[in-house]
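Student: Pasting data_7.cif below, which is mmCIF, C-alpha atoms and all ligand atoms.
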```
data_input
loop_
_atom_site.label_atom_id
_atom_site.label_comp_id
_atom_site.auth_asym_id
_atom_site.auth_seq_id
_atom_site.Cartn_x
_atom_site.Cartn_y
_atom_site.Cartn_z
CA MET P 29 -69.20 180.72 -92.80
CA SER P 30 -72.97 181.09 -92.59
CA LEU P 31 -74.02 183.00 -89.49
CA THR P 32 -77.18 180.96 -89.03
CA ARG P 33 -75.51 177.55 -88.62
CA SER P 34 -73.46 176.45 -85.65
CA HIS P 35 -70.19 174.60 -86.03
CA GLU P 36 -71.88 171.51 -84.56
CA ASP P 37 -74.76 171.68 -87.06
CA PHE P 38 -72.33 171.94 -89.96
CA ALA P 39 -70.22 169.04 -88.64
CA ALA P 40 -73.39 166.94 -88.33
CA LEU P 41 -74.39 167.81 -91.91
CA ILE P 42 -70.97 166.77 -93.21
CA GLN P 43 -71.12 163.55 -91.20
CA ASN P 44 -74.58 162.85 -92.63
CA ALA P 45 -73.30 163.48 -96.18
CA ARG P 46 -70.22 161.32 -95.61
CA GLU P 47 -72.33 158.42 -94.37
CA PHE P 48 -74.64 158.80 -97.36
CA ILE P 49 -71.73 158.73 -99.82
CA ASP P 50 -69.94 155.83 -98.07
CA ASN P 51 -73.00 153.68 -97.33
CA GLU P 52 -75.40 154.47 -100.17
CA ALA P 53 -73.58 155.97 -103.17
CA ILE P 54 -70.25 154.09 -103.30
CA PRO P 55 -71.85 150.62 -102.85
CA ARG P 56 -74.15 151.38 -105.82
CA GLU P 57 -71.29 152.27 -108.17
CA ASP P 58 -71.14 149.75 -110.99
CA LEU P 59 -68.47 150.40 -113.57
CA ARG P 60 -70.05 147.85 -115.93
CA ALA P 61 -73.15 150.07 -116.16
CA ALA P 62 -71.12 153.20 -116.85
CA HIS P 63 -72.24 153.47 -120.47
CA ASP P 64 -75.81 152.39 -119.82
CA GLY P 65 -77.64 155.73 -119.76
CA ALA P 66 -80.89 154.23 -118.43
CA ALA P 67 -79.12 152.43 -115.56
CA MET P 68 -77.21 155.60 -114.62
CA GLU P 69 -80.45 157.58 -114.68
CA GLN P 70 -82.20 155.01 -112.49
CA VAL P 71 -79.53 154.89 -109.80
CA THR P 72 -79.15 158.69 -109.77
CA ARG P 73 -82.91 159.16 -109.26
CA LEU P 74 -82.99 156.57 -106.49
CA LEU P 75 -80.08 158.22 -104.68
CA ARG P 76 -81.52 161.70 -105.18
CA ASP P 77 -84.82 160.68 -103.58
CA MET P 78 -82.90 159.22 -100.64
CA ALA P 79 -80.79 162.37 -100.35
CA VAL P 80 -83.87 164.61 -100.42
CA GLU P 81 -85.37 162.55 -97.59
CA ARG P 82 -82.20 163.06 -95.56
CA GLY P 83 -82.18 166.80 -96.22
CA LEU P 84 -78.93 166.65 -98.14
CA THR P 85 -79.59 168.27 -101.53
CA SER P 86 -78.92 171.63 -103.22
CA PRO P 87 -76.04 173.05 -101.15
CA ARG P 88 -76.16 176.58 -102.60
CA ARG P 89 -79.96 177.05 -102.58
CA ALA P 90 -81.38 179.18 -99.79
CA VAL P 91 -82.90 177.24 -96.91
CA ALA P 92 -86.23 179.00 -97.53
CA ASP P 93 -86.19 177.54 -101.07
CA GLY P 94 -85.52 174.00 -99.86
CA GLY P 95 -81.73 174.03 -100.12
CA LEU P 96 -78.96 173.84 -97.54
CA GLY P 97 -77.99 177.52 -97.80
CA LEU P 98 -74.27 176.79 -97.60
CA SER P 99 -71.69 179.50 -98.08
CA TRP P 100 -69.05 178.96 -100.75
CA GLU P 101 -66.59 178.21 -97.96
CA GLU P 102 -68.86 175.53 -96.50
CA CYS P 103 -69.35 174.10 -99.99
CA CYS P 104 -65.62 173.26 -100.11
CA THR P 105 -66.07 170.55 -97.48
CA TYR P 106 -69.52 169.49 -98.63
CA LEU P 107 -68.67 169.07 -102.30
CA GLU P 108 -65.41 167.31 -101.55
CA VAL P 109 -67.44 164.69 -99.69
CA ALA P 110 -70.02 164.53 -102.51
CA GLY P 111 -67.28 164.21 -105.13
CA ARG P 112 -65.75 161.07 -103.61
CA SER P 113 -68.35 159.01 -105.49
CA TYR P 114 -69.15 159.60 -109.14
CA LEU P 115 -72.79 159.17 -108.12
CA GLY P 116 -72.52 161.75 -105.32
CA PRO P 117 -72.86 165.13 -107.11
CA GLY P 118 -75.94 164.04 -109.11
CA ALA P 119 -77.57 162.65 -105.97
CA LEU P 120 -76.84 165.75 -103.89
CA GLN P 121 -77.87 168.18 -106.67
CA CYS P 122 -74.49 169.78 -107.12
CA ALA P 123 -73.43 168.29 -110.47
CA ALA P 124 -72.62 170.12 -113.69
CA PRO P 125 -74.25 171.27 -115.91
CA GLY P 126 -77.38 171.54 -113.72
CA GLN P 127 -75.71 173.33 -110.82
CA PRO P 128 -74.04 176.15 -112.82
CA ASP P 129 -77.15 176.52 -114.99
CA ILE P 130 -79.27 176.89 -111.85
CA ALA P 131 -76.82 179.40 -110.38
CA ALA P 132 -76.83 181.50 -113.57
CA LEU P 133 -80.59 181.35 -114.18
CA ASP P 134 -81.23 182.21 -110.54
CA GLN P 135 -79.68 185.59 -111.26
CA LEU P 136 -80.91 186.08 -114.81
CA ALA P 137 -84.27 184.35 -115.40
CA SER P 138 -87.48 186.36 -115.81
CA PRO P 139 -90.43 185.40 -113.54
CA ALA P 140 -91.93 183.34 -116.40
CA GLN P 141 -88.60 181.60 -117.07
CA ARG P 142 -88.23 180.84 -113.37
CA GLN P 143 -91.59 179.14 -113.35
CA ARG P 144 -91.19 177.25 -116.61
CA TYR P 145 -87.53 176.24 -116.42
CA LEU P 146 -85.69 177.12 -113.22
CA GLU P 147 -88.05 175.77 -110.56
CA PRO P 148 -88.52 172.37 -112.32
CA LEU P 149 -84.73 172.24 -112.87
CA ILE P 150 -84.14 172.74 -109.16
CA ARG P 151 -86.73 170.06 -108.30
CA GLY P 152 -85.03 167.66 -110.73
CA ASP P 153 -88.15 167.49 -112.93
CA LEU P 154 -86.32 169.08 -115.90
CA ARG P 155 -82.73 168.74 -117.14
CA SER P 156 -80.61 171.41 -118.80
CA THR P 157 -77.61 171.61 -121.09
CA PHE P 158 -75.33 174.52 -121.94
CA ALA P 159 -74.49 174.87 -125.64
CA MET P 160 -71.70 177.32 -126.38
CA THR P 161 -68.75 175.41 -127.87
CA GLU P 162 -68.68 174.83 -131.63
CA PRO P 163 -66.51 172.66 -133.86
CA THR P 164 -64.00 174.35 -136.21
CA PRO P 165 -64.34 177.11 -137.41
CA GLY P 166 -66.57 178.14 -134.48
CA VAL P 167 -65.95 179.06 -130.86
CA GLY P 168 -63.64 177.04 -128.61
CA SER P 169 -61.15 178.81 -126.37
CA ASP P 170 -61.66 182.15 -128.11
CA PRO P 171 -65.16 183.58 -127.50
CA ARG P 172 -64.77 185.99 -130.42
CA MET P 173 -65.14 183.00 -132.75
CA LEU P 174 -68.78 182.36 -131.85
CA SER P 175 -70.51 181.68 -135.15
CA THR P 176 -74.06 180.59 -134.24
CA ARG P 177 -76.37 183.36 -135.47
CA ALA P 178 -79.59 184.68 -133.95
CA THR P 179 -81.49 186.56 -136.63
CA ARG P 180 -84.49 188.72 -135.78
CA SER P 181 -87.83 187.33 -137.00
CA GLY P 182 -90.97 189.15 -135.90
CA ASP P 183 -90.68 189.63 -132.13
CA GLY P 184 -88.45 186.55 -131.79
CA TRP P 185 -85.32 185.09 -133.38
CA VAL P 186 -84.23 182.27 -135.67
CA LEU P 187 -81.09 180.42 -134.57
CA ASN P 188 -78.70 178.74 -136.98
CA GLY P 189 -75.43 177.11 -136.03
CA HIS P 190 -73.43 174.05 -135.10
CA LYS P 191 -72.62 173.15 -131.48
CA TRP P 192 -70.79 170.32 -129.86
CA PHE P 193 -69.74 168.97 -126.48
CA ALA P 194 -72.96 170.15 -124.86
CA SER P 195 -72.76 167.99 -121.74
CA ALA P 196 -75.85 166.02 -120.72
CA ALA P 197 -77.73 167.19 -123.84
CA GLY P 198 -78.83 163.61 -124.50
CA ARG P 199 -81.15 163.83 -121.53
CA ALA P 200 -81.85 167.55 -121.46
CA ASP P 201 -85.31 169.09 -121.72
CA PHE P 202 -83.96 172.53 -122.57
CA ALA P 203 -80.71 174.17 -123.56
CA ILE P 204 -79.08 177.49 -122.85
CA VAL P 205 -77.92 178.29 -126.38
CA VAL P 206 -75.26 180.96 -126.84
CA ALA P 207 -75.60 182.78 -130.17
CA ARG P 208 -74.62 186.06 -131.80
CA SER P 209 -77.44 188.52 -132.46
CA ASP P 210 -77.12 192.03 -133.87
CA ALA P 211 -76.57 193.26 -130.30
CA GLY P 212 -73.75 190.77 -129.64
CA VAL P 213 -73.40 187.48 -127.76
CA THR P 214 -76.78 186.49 -126.34
CA TRP P 215 -78.31 183.62 -124.32
CA PHE P 216 -81.53 181.87 -125.35
CA LEU P 217 -83.56 179.16 -123.62
CA VAL P 218 -84.46 176.55 -126.23
CA ASP P 219 -86.61 173.46 -125.66
CA THR P 220 -84.80 170.39 -126.94
CA SER P 221 -88.15 169.36 -128.48
CA ASN P 222 -87.96 172.41 -130.81
CA PRO P 223 -87.81 170.89 -134.35
CA GLY P 224 -84.90 173.22 -135.18
CA PHE P 225 -82.83 171.81 -132.28
CA GLN P 226 -81.33 168.67 -133.78
CA VAL P 227 -79.06 166.35 -131.80
CA VAL P 228 -76.72 164.84 -134.41
CA ARG P 229 -74.93 162.39 -132.10
CA ASP P 230 -73.48 161.77 -128.71
CA VAL P 231 -69.75 162.36 -129.27
CA PRO P 232 -67.87 159.26 -128.05
CA SER P 233 -65.30 160.35 -125.46
CA MET P 234 -62.89 159.10 -122.79
CA ASP P 235 -65.43 160.10 -120.13
CA PRO P 236 -66.28 156.88 -118.34
CA PHE P 237 -69.95 157.61 -117.61
CA ASP P 238 -73.13 158.24 -119.47
CA PHE P 239 -74.77 161.12 -117.66
CA GLY P 240 -76.31 162.31 -120.92
CA GLY P 241 -73.10 162.41 -122.98
CA HIS P 242 -71.55 165.32 -124.85
CA ALA P 243 -73.77 166.09 -127.81
CA GLU P 244 -73.17 167.49 -131.26
CA ILE P 245 -76.13 169.67 -132.17
CA LYS P 246 -77.31 171.46 -135.29
CA LEU P 247 -79.56 174.49 -134.96
CA VAL P 248 -81.50 174.61 -138.20
CA ASN P 249 -83.89 177.55 -138.59
CA CYS P 250 -84.64 177.10 -134.89
CA ALA P 251 -87.42 179.63 -134.18
CA VAL P 252 -87.70 181.00 -130.66
CA GLY P 253 -90.01 183.64 -129.20
CA PRO P 254 -89.20 186.77 -127.20
CA GLU P 255 -89.73 184.80 -123.97
CA SER P 256 -86.60 182.73 -124.75
CA LEU P 257 -84.19 185.66 -124.30
CA VAL P 258 -82.17 185.34 -121.08
CA GLY P 259 -81.34 188.62 -119.39
CA GLU P 260 -80.29 191.30 -121.84
CA GLU P 261 -79.33 190.91 -125.48
CA GLY P 262 -75.58 191.31 -126.04
CA LYS P 263 -74.53 190.39 -122.49
CA GLY P 264 -73.89 186.69 -123.16
CA LEU P 265 -70.14 186.78 -122.55
CA GLU P 266 -70.58 188.52 -119.22
CA TYR P 267 -73.14 185.85 -118.26
CA ALA P 268 -70.83 183.03 -119.40
CA GLN P 269 -68.14 184.42 -117.10
CA LEU P 270 -70.62 184.59 -114.23
CA ARG P 271 -71.69 180.99 -114.85
CA LEU P 272 -68.13 179.72 -115.19
CA GLU P 273 -66.52 181.24 -112.10
CA GLY P 274 -68.72 179.36 -109.65
CA ALA P 275 -68.75 176.26 -111.86
CA ARG P 276 -64.94 176.10 -111.90
CA LEU P 277 -64.78 176.29 -108.14
CA PHE P 278 -67.40 173.55 -107.77
CA HIS P 279 -65.38 171.36 -110.13
CA CYS P 280 -62.26 171.93 -108.00
CA MET P 281 -64.11 170.92 -104.82
CA ARG P 282 -65.70 167.78 -106.32
CA LEU P 283 -62.57 166.60 -108.09
CA VAL P 284 -60.35 167.06 -105.04
CA GLY P 285 -62.78 164.59 -103.43
CA LEU P 286 -62.53 162.13 -106.32
CA SER P 287 -58.72 162.24 -106.51
CA SER P 288 -58.32 161.90 -102.74
CA ARG P 289 -60.42 158.74 -102.97
CA ALA P 290 -58.00 157.44 -105.64
CA MET P 291 -55.11 158.02 -103.26
CA ASP P 292 -56.98 156.23 -100.43
CA VAL P 293 -57.37 153.16 -102.67
CA ALA P 294 -53.68 153.31 -103.66
CA GLN P 295 -52.48 153.75 -100.07
CA ASP P 296 -54.50 150.72 -98.95
CA TYR P 297 -52.90 148.70 -101.74
CA VAL P 298 -49.28 149.66 -101.01
CA ALA P 299 -49.82 149.09 -97.29
CA GLN P 300 -50.64 145.41 -98.03
CA ARG P 301 -48.62 144.45 -101.10
CA GLU P 302 -44.96 143.40 -100.90
CA SER P 303 -42.08 143.64 -103.35
CA HIS P 304 -38.34 143.03 -103.00
CA GLY P 305 -38.59 142.03 -99.36
CA ALA P 306 -40.64 144.95 -98.07
CA ARG P 307 -44.11 146.37 -98.20
CA LEU P 308 -44.55 148.79 -101.09
CA SER P 309 -45.34 151.50 -98.53
CA GLU P 310 -41.79 151.08 -97.15
CA HIS P 311 -40.11 151.86 -100.49
CA GLN P 312 -39.02 155.48 -100.61
CA MET P 313 -40.09 156.10 -104.20
CA VAL P 314 -43.61 154.96 -103.31
CA GLN P 315 -43.51 157.16 -100.21
CA ALA P 316 -42.53 160.11 -102.41
CA MET P 317 -45.64 159.55 -104.59
CA VAL P 318 -47.82 159.51 -101.47
CA ALA P 319 -46.17 162.62 -100.03
CA ASN P 320 -46.44 164.55 -103.31
CA ALA P 321 -50.10 163.63 -103.58
CA HIS P 322 -50.80 164.87 -100.08
CA ILE P 323 -48.96 168.12 -100.80
CA ASP P 324 -50.93 168.58 -104.05
CA LEU P 325 -54.25 167.95 -102.31
CA TYR P 326 -53.43 170.23 -99.37
CA ALA P 327 -52.47 173.08 -101.71
CA SER P 328 -55.55 172.42 -103.87
CA ARG P 329 -57.85 172.60 -100.85
CA LEU P 330 -56.28 175.82 -99.61
CA MET P 331 -56.45 177.58 -102.98
CA THR P 332 -60.06 176.51 -103.43
CA LEU P 333 -60.93 177.61 -99.90
CA ASP P 334 -59.30 181.03 -100.28
CA THR P 335 -61.12 181.65 -103.57
CA ALA P 336 -64.39 180.48 -102.01
CA ARG P 337 -63.95 182.92 -99.10
CA ARG P 338 -63.37 185.78 -101.55
CA LEU P 339 -66.59 184.83 -103.34
CA ASP P 340 -68.43 184.83 -99.98
CA ARG P 341 -67.12 188.35 -99.40
CA GLY P 342 -68.47 189.43 -102.77
CA GLU P 343 -65.02 190.07 -104.24
CA SER P 344 -64.11 189.50 -107.88
CA ILE P 345 -62.40 186.10 -108.20
CA ARG P 346 -61.46 186.36 -111.85
CA HIS P 347 -57.71 186.11 -111.23
CA GLU P 348 -57.90 183.70 -108.28
CA SER P 349 -60.37 181.34 -109.92
CA SER P 350 -58.09 181.09 -112.97
CA MET P 351 -55.05 180.29 -110.83
CA THR P 352 -57.02 177.84 -108.69
CA LYS P 353 -58.51 176.10 -111.71
CA VAL P 354 -55.11 175.63 -113.39
CA PHE P 355 -53.41 174.38 -110.24
CA VAL P 356 -56.18 172.07 -109.05
CA SER P 357 -56.92 170.57 -112.48
CA GLU P 358 -53.25 169.68 -112.90
CA ALA P 359 -52.73 168.60 -109.27
CA VAL P 360 -55.67 166.18 -109.18
CA ASN P 361 -54.41 164.60 -112.39
CA ARG P 362 -50.96 164.10 -110.83
CA VAL P 363 -52.60 162.53 -107.78
CA ALA P 364 -54.75 160.12 -109.78
CA ASP P 365 -51.88 159.22 -112.09
CA SER P 366 -49.70 158.37 -109.07
CA ALA P 367 -52.54 156.33 -107.59
CA VAL P 368 -52.70 154.23 -110.76
CA GLN P 369 -48.90 153.86 -110.81
CA MET P 370 -48.78 152.75 -107.16
CA THR P 371 -51.47 150.15 -107.75
CA GLY P 372 -49.84 148.46 -110.75
CA ALA P 373 -52.02 146.29 -112.98
CA LEU P 374 -54.88 146.47 -110.51
CA GLY P 375 -54.98 150.24 -111.03
CA ILE P 376 -55.51 149.76 -114.76
CA SER P 377 -58.26 147.20 -114.21
CA GLU P 378 -61.91 148.00 -113.61
CA ASP P 379 -61.84 146.04 -110.33
CA VAL P 380 -60.99 149.31 -108.60
CA PRO P 381 -62.22 152.79 -109.62
CA LEU P 382 -58.79 154.25 -110.43
CA SER P 383 -58.81 154.20 -114.23
CA MET P 384 -62.36 155.58 -114.10
CA ILE P 385 -61.15 158.41 -111.87
CA LEU P 386 -58.20 159.16 -114.15
CA ARG P 387 -60.47 159.33 -117.21
CA THR P 388 -62.89 161.57 -115.32
CA LEU P 389 -60.15 163.96 -114.26
CA ARG P 390 -58.19 164.34 -117.50
CA PRO P 391 -60.72 166.53 -119.34
CA PHE P 392 -60.70 169.04 -116.44
CA ARG P 393 -57.47 170.48 -117.85
CA ILE P 394 -59.47 171.43 -120.97
CA TYR P 395 -63.04 172.37 -120.02
CA ASP P 396 -63.87 175.58 -118.15
CA GLY P 397 -60.84 177.06 -119.90
CA ALA P 398 -57.72 175.10 -120.92
CA SER P 399 -54.67 175.54 -118.66
CA GLU P 400 -52.81 177.40 -121.41
CA VAL P 401 -55.63 179.88 -121.92
CA HIS P 402 -55.84 180.57 -118.18
CA ARG P 403 -52.04 180.97 -117.95
CA ALA P 404 -52.13 183.48 -120.79
CA ALA P 405 -54.90 185.43 -119.02
CA ILE P 406 -53.10 185.31 -115.64
CA ALA P 407 -49.89 186.65 -117.17
CA LYS P 408 -51.75 189.34 -119.11
CA ARG P 409 -53.44 190.56 -115.92
CA ALA P 410 -50.14 190.42 -114.03
CA PHE P 411 -48.49 192.73 -116.59
CA ARG P 412 -51.49 194.98 -117.15
CA HIS P 413 -52.18 195.59 -113.45
CA ARG P 414 -48.56 195.19 -112.28
CA LEU P 415 -49.72 192.49 -109.86
CA HIS P 416 -47.28 191.34 -107.18
CA ALA P 417 -46.67 187.59 -107.29
C1 LIG E 501 -65.70 166.87 -120.74
C2 LIG E 501 -66.03 168.17 -121.43
C3 LIG E 501 -67.27 168.74 -121.20
C4 LIG E 501 -67.62 169.93 -121.85
N1 LIG E 501 -68.87 170.44 -121.66
C5 LIG E 501 -69.26 171.54 -122.35
C6 LIG E 501 -70.59 172.06 -122.25
O1 LIG E 501 -71.42 171.52 -121.50
N2 LIG E 501 -70.93 173.12 -123.01
C7 LIG E 501 -70.06 173.75 -123.86
O2 LIG E 501 -70.43 174.71 -124.50
N3 LIG E 501 -68.78 173.28 -123.98
C8 LIG E 501 -68.36 172.20 -123.26
N4 LIG E 501 -67.08 171.69 -123.40
C9 LIG E 501 -66.18 172.33 -124.33
C10 LIG E 501 -65.12 173.17 -123.64
O3 LIG E 501 -65.68 174.34 -123.15
C11 LIG E 501 -64.00 173.40 -124.65
O4 LIG E 501 -63.38 172.15 -124.88
C12 LIG E 501 -62.97 174.44 -124.22
O5 LIG E 501 -63.54 175.73 -124.17
C13 LIG E 501 -61.78 174.47 -125.18
O6 LIG E 501 -62.22 174.67 -126.48
P1 LIG E 501 -61.77 173.64 -127.63
O7 LIG E 501 -62.03 172.26 -127.16
O8 LIG E 501 -62.42 174.06 -128.88
O9 LIG E 501 -60.20 173.81 -127.73
P2 LIG E 501 -59.38 174.77 -128.72
O10 LIG E 501 -59.86 176.17 -128.57
O11 LIG E 501 -59.39 174.18 -130.06
O12 LIG E 501 -57.93 174.67 -128.09
C14 LIG E 501 -57.19 173.44 -128.15
C15 LIG E 501 -55.95 173.59 -127.28
O13 LIG E 501 -55.16 174.65 -127.79
C16 LIG E 501 -54.50 175.33 -126.75
N5 LIG E 501 -54.88 176.76 -126.79
C17 LIG E 501 -56.06 177.30 -127.17
N6 LIG E 501 -56.01 178.64 -127.09
C18 LIG E 501 -54.78 178.97 -126.66
C19 LIG E 501 -54.12 180.18 -126.34
N7 LIG E 501 -54.75 181.36 -126.45
N8 LIG E 501 -52.84 180.14 -125.90
C20 LIG E 501 -52.20 178.94 -125.77
N9 LIG E 501 -52.77 177.77 -126.04
C21 LIG E 501 -54.05 177.77 -126.47
C22 LIG E 501 -54.94 174.66 -125.45
O14 LIG E 501 -53.96 173.71 -125.08
C23 LIG E 501 -56.23 173.98 -125.83
O15 LIG E 501 -56.51 172.83 -125.01
C24 LIG E 501 -66.70 170.54 -122.74
C25 LIG E 501 -65.45 169.96 -122.94
C26 LIG E 501 -65.11 168.80 -122.30
C27 LIG E 501 -63.76 168.18 -122.57
#
```
Please rewrite the model in this file as structure tokens.
Ligand SMILES: Cc1cc2nc3c(=O)[nH]c(=O)nc-3n(C[C@H](O)[C@H](O)[C@H](O)COP(=O)(O)OP(=O)(O)OC[C@H]3O[C@@H](n4cnc5c(N)ncnc54)[C@H](O)[C@@H]3O)c2cc1C
Tutor:
Amino acid sequence: MSLTRSHEDFAALIQNAREFIDNEAIPREDLRAAHDGAAMEQVTRLLRDMAVERGLTSPRRAVADGGLGLSWEECCTYLEVAGRSYLGPGALQCAAPGQPDIAALDQLASPAQRQRYLEPLIRGDLRSTFAMTEPTPGVGSDPRMLSTRATRSGDGWVLNGHKWFASAAGRADFAIVVARSDAGVTWFLVDTSNPGFQVVRDVPSMDPFDFGGHAEIKLVNCAVGPESLVGEEGKGLEYAQLRLEGARLFHCMRLVGLSSRAMDVAQDYVAQRESHGARLSEHQMVQAMVANAHIDLYASRLMTLDTARRLDRGESIRHESSMTKVFVSEAVNRVADSAVQMTGALGISEDVPLSMILRTLRPFRIYDGASEVHRAAIAKRAFRHRLHA
């Protein structure tokens, strides 16, 4: 925990955030506007301004820089509260891809890049996207397959390649583009207004909301200057790992919040509705679904918390973040699936947010490393380092 904040101050902050989510964010959710990008943008901006006024934004930024200065451990509680509403993370400045991009650039950006990109990104004046994944035959789960090329031209580079699933690219002002130069995998900051940065389409997906979509992008003779290089040439994979470890943990925190809200909705339903002479909550098979969900959420919170504490202590979390990501991504899906099951037809409808939550959670088993890829890495480390289970 942070040494500068008392337990009472932190409890008051969480209470403030909870009231904001319950009284301001959740009432403004409108599933009918989910695919209306302009409407989503408008409500997010409104809520963000309100959150700034209440001193609720940017949990990981230092207090001196206008943030809340929360430790990773404190973020577990804070982001779970934020994640209960799909409008919460954007409003409280802890949504992907902005949050992990900010975290990475905070460590890597040059003074000029800080001024031009990072500071406006933190203020919410600019938006970012992270473009690494490529369609076949390019990079997906295996980073060695990165095929976007960065070729030297004068003192800069020319980028050529094909990206897709760059989240929020539809609204981004700049992209972190991952490409292969002669020195290896390298990060570049590219303005989306660069004529060589061409958004082909927003890939239609099961994601219920339009927060800028998941874009397919072509980089066609995209010329960038020396000032676009992030950090050192050839260190892009190391940086991707750095960006992902925190991002994964943030996803776990937020999505535990979203799935616990699904279970709250389902529990309210089964406590009222009757079938075969008893309330649904009195049927043992329904009780088992509730109990399993609570067990899954408890274990998810503890794994996330333990990994967060390790990060606060400056330890490597490579192994733990993989295990946590696999467990939590699968557990929250079980919870949301049970919530839909318990709620019957109502759960499938858009009158309650359950199907939205299920569609939001399902991709988490794929992005930030698919479960199978993490399991392979966990087992490899266990054998290589003779780790005790
Ligand atoms: C909602 C969403 C948002 C995303 N946002 C971004 C973004 O902002 N920027 C970005 O660059 N990318 C983004 N991605 C892409 C994401 O990083 C990739 O989907 C992920 O890395 C997996 O790559 P792939 O989809 O190409 O799957 P593939 O590599 O084609 O793998 C397909 C499946 O094969 C199996 N598999 C793969 N490798 C192995 C293995 N070694 N052992 C066993 N099984 C294996 C897994 O089950 C895997 O799900 C996003 C994806 C989603 C779904």
Student: Suppose you want the space between atom O4 of ligand LIG 501 (chain E) and atom CA of Pro254 of chain P; what is it in Å?
Tutor: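 Going from atom O4 of ligand LIG 501 (chain E) over to atom CA of Pro254 of chain P, I get 29.8 Å.
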Student: Where does chain P meet ligand LIG 501 (chain E) within 7 Å, residue by residue, with the nearest atom pair and distance in Å to one decimal for each, counting all atoms listed in the file, listed by chain and rising number, as JSON lines?
Tutor:
```
{"residue": "P:Pro125", "atom": "CA", "partner": "E:LIG501", "partner_atom": "O1", "distance": 6.3}
{"residue": "P:Thr157", "atom": "CA", "partner": "E:LIG501", "partner_atom": "O1", "distance": 6.2}
{"residue": "P:Phe158", "atom": "CA", "partner": "E:LIG501", "partner_atom": "N2", "distance": 4.7}
{"residue": "P:Ala159", "atom": "CA", "partner": "E:LIG501", "partner_atom": "O2", "distance": 4.2}
{"residue": "P:Met160", "atom": "CA", "partner": "E:LIG501", "partner_atom": "O2", "distance": 3.5}
{"residue": "P:Thr161", "atom": "CA", "partner": "E:LIG501", "partner_atom": "O2", "distance": 3.8}
{"residue": "P:Glu162", "atom": "CA", "partner": "E:LIG501", "partner_atom": "O8", "distance": 6.9}
{"residue": "P:Pro163", "atom": "CA", "partner": "E:LIG501", "partner_atom": "O8", "distance": 6.6}
{"residue": "P:Val167", "atom": "CA", "partner": "E:LIG501", "partner_atom": "O8", "distance": 6.4}
{"residue": "P:Gly168", "atom": "CA", "partner": "E:LIG501", "partner_atom": "O8", "distance": 3.2}
{"residue": "P:Ser169", "atom": "CA", "partner": "E:LIG501", "partner_atom": "O10", "distance": 3.7}
{"residue": "P:Asp170", "atom": "CA", "partner": "E:LIG501", "partner_atom": "O10", "distance": 6.3}
{"residue": "P:Trp192", "atom": "CA", "partner": "E:LIG501", "partner_atom": "N3", "distance": 6.9}
{"residue": "P:Phe193", "atom": "CA", "partner": "E:LIG501", "partner_atom": "C8", "distance": 4.8}
{"residue": "P:Ala194", "atom": "CA", "partner": "E:LIG501", "partner_atom": "O1", "distance": 3.9}
{"residue": "P:Ser195", "atom": "CA", "partner": "E:LIG501", "partner_atom": "O1", "distance": 3.8}
{"residue": "P:Asp235", "atom": "CA", "partner": "E:LIG501", "partner_atom": "C1", "distance": 6.8}
{"residue": "P:His242", "atom": "CA", "partner": "E:LIG501", "partner_atom": "C3", "distance": 6.6}
{"residue": "P:Pro391", "atom": "CA", "partner": "E:LIG501", "partner_atom": "C27", "distance": 4.7}
{"residue": "P:Phe392", "atom": "CA", "partner": "E:LIG501", "partner_atom": "C27", "distance": 6.9}
{"residue": "P:Ile394", "atom": "CA", "partner": "E:LIG501", "partner_atom": "O15", "distance": 5.2}
{"residue": "P:Tyr395", "atom": "CA", "partner": "E:LIG501", "partner_atom": "C10", "distance": 4.3}
{"residue": "P:Asp396", "atom": "CA", "partner": "E:LIG501", "partner_atom": "O3", "distance": 5.5}
{"residue": "P:Gly397", "atom": "CA", "partner": "E:LIG501", "partner_atom": "O5", "distance": 5.2}
{"residue": "P:Ala398", "atom": "CA", "partner": "E:LIG501", "partner_atom": "O15", "distance": 4.8}
{"residue": "P:Ser399", "atom": "CA", "partner": "E:LIG501", "partner_atom": "O14", "distance": 6.7}
{"residue": "P:Glu400", "atom": "CA", "partner": "E:LIG501", "partner_atom": "N9", "distance": 4.6}
{"residue": "P:Val401", "atom": "CA", "partner": "E:LIG501", "partner_atom": "C19", "distance": 4.7}
{"residue": "P:Ala404", "atom": "CA", "partner": "E:LIG501", "partner_atom": "N8", "distance": 6.1}
```
Student: Go through P:Met313, P:Ile323, P:Met234, P:Leu265 and flag the residue nearest Leu386 of chain P, using only C-alpha atoms for the distances.
Tutor: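 Result for the nearest residue to Leu386 of chain P: P:Met234.
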Student: Select, from P:Ala367, P:Cys280, P:Val186, P:Ala306, the residue with the minimum atom-to-atom distance to Met351 of chain P, counting all atoms listed in the file.
Tutor: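 Closest candidate: P:Cys280.
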Student: To one decimal place in Å, what is the distance between atom CA of Phe355 of chain P and atom CA of Leu270 of chain P?
Tutor: 20.4 Å
Student: Near His63 of chain P, counting only C-alpha atoms, which residues have an atom at most 12 Å away, once you skip same-chain residues fewer than 6 positions from it, shown as a VMD selection string?
Tutor: chain P and resid 69 230 232 to 241 384
Student: Can you work out the spacing between atom CA of Glu52 of chain P and atom CA of Glu36 of chain P in Å, to one decimal?
Tutor: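 Taking atom CA of Glu52 of chain P as the start and atom CA of Glu36 of chain P as the end point, the length is 23.4 Å.
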Student: Which residue is closest to Gly118 of chain P? Choose from P:Ser209, P:Arg282, P:Leu257, P:Ser34 and count all atoms listed in the file.
Tutor: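 When distances to Gly118 of chain P are compared using all atoms listed in the file, the smallest one comes from P:Arg282.
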Student: Which polymer residues have any atom within 6 Å of an atom of Val213 of chain P, counting only C-alpha atoms, with same-chain residues fewer than 3 positions away left out, as a compact mmCIF listing (two decimals) with C-alpha atoms, keeping the file's coordinate frame?
Tutor:
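Resulting contents of result_29.txt:
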```txt
# COMPACT_ATOMS: atom_id res chain seq x y z
CA ALA P 207 -75.60 182.78 -130.17
CA ARG P 208 -74.62 186.06 -131.80
CA GLY P 262 -75.58 191.31 -126.04
CA GLY P 264 -73.89 186.69 -123.16
```
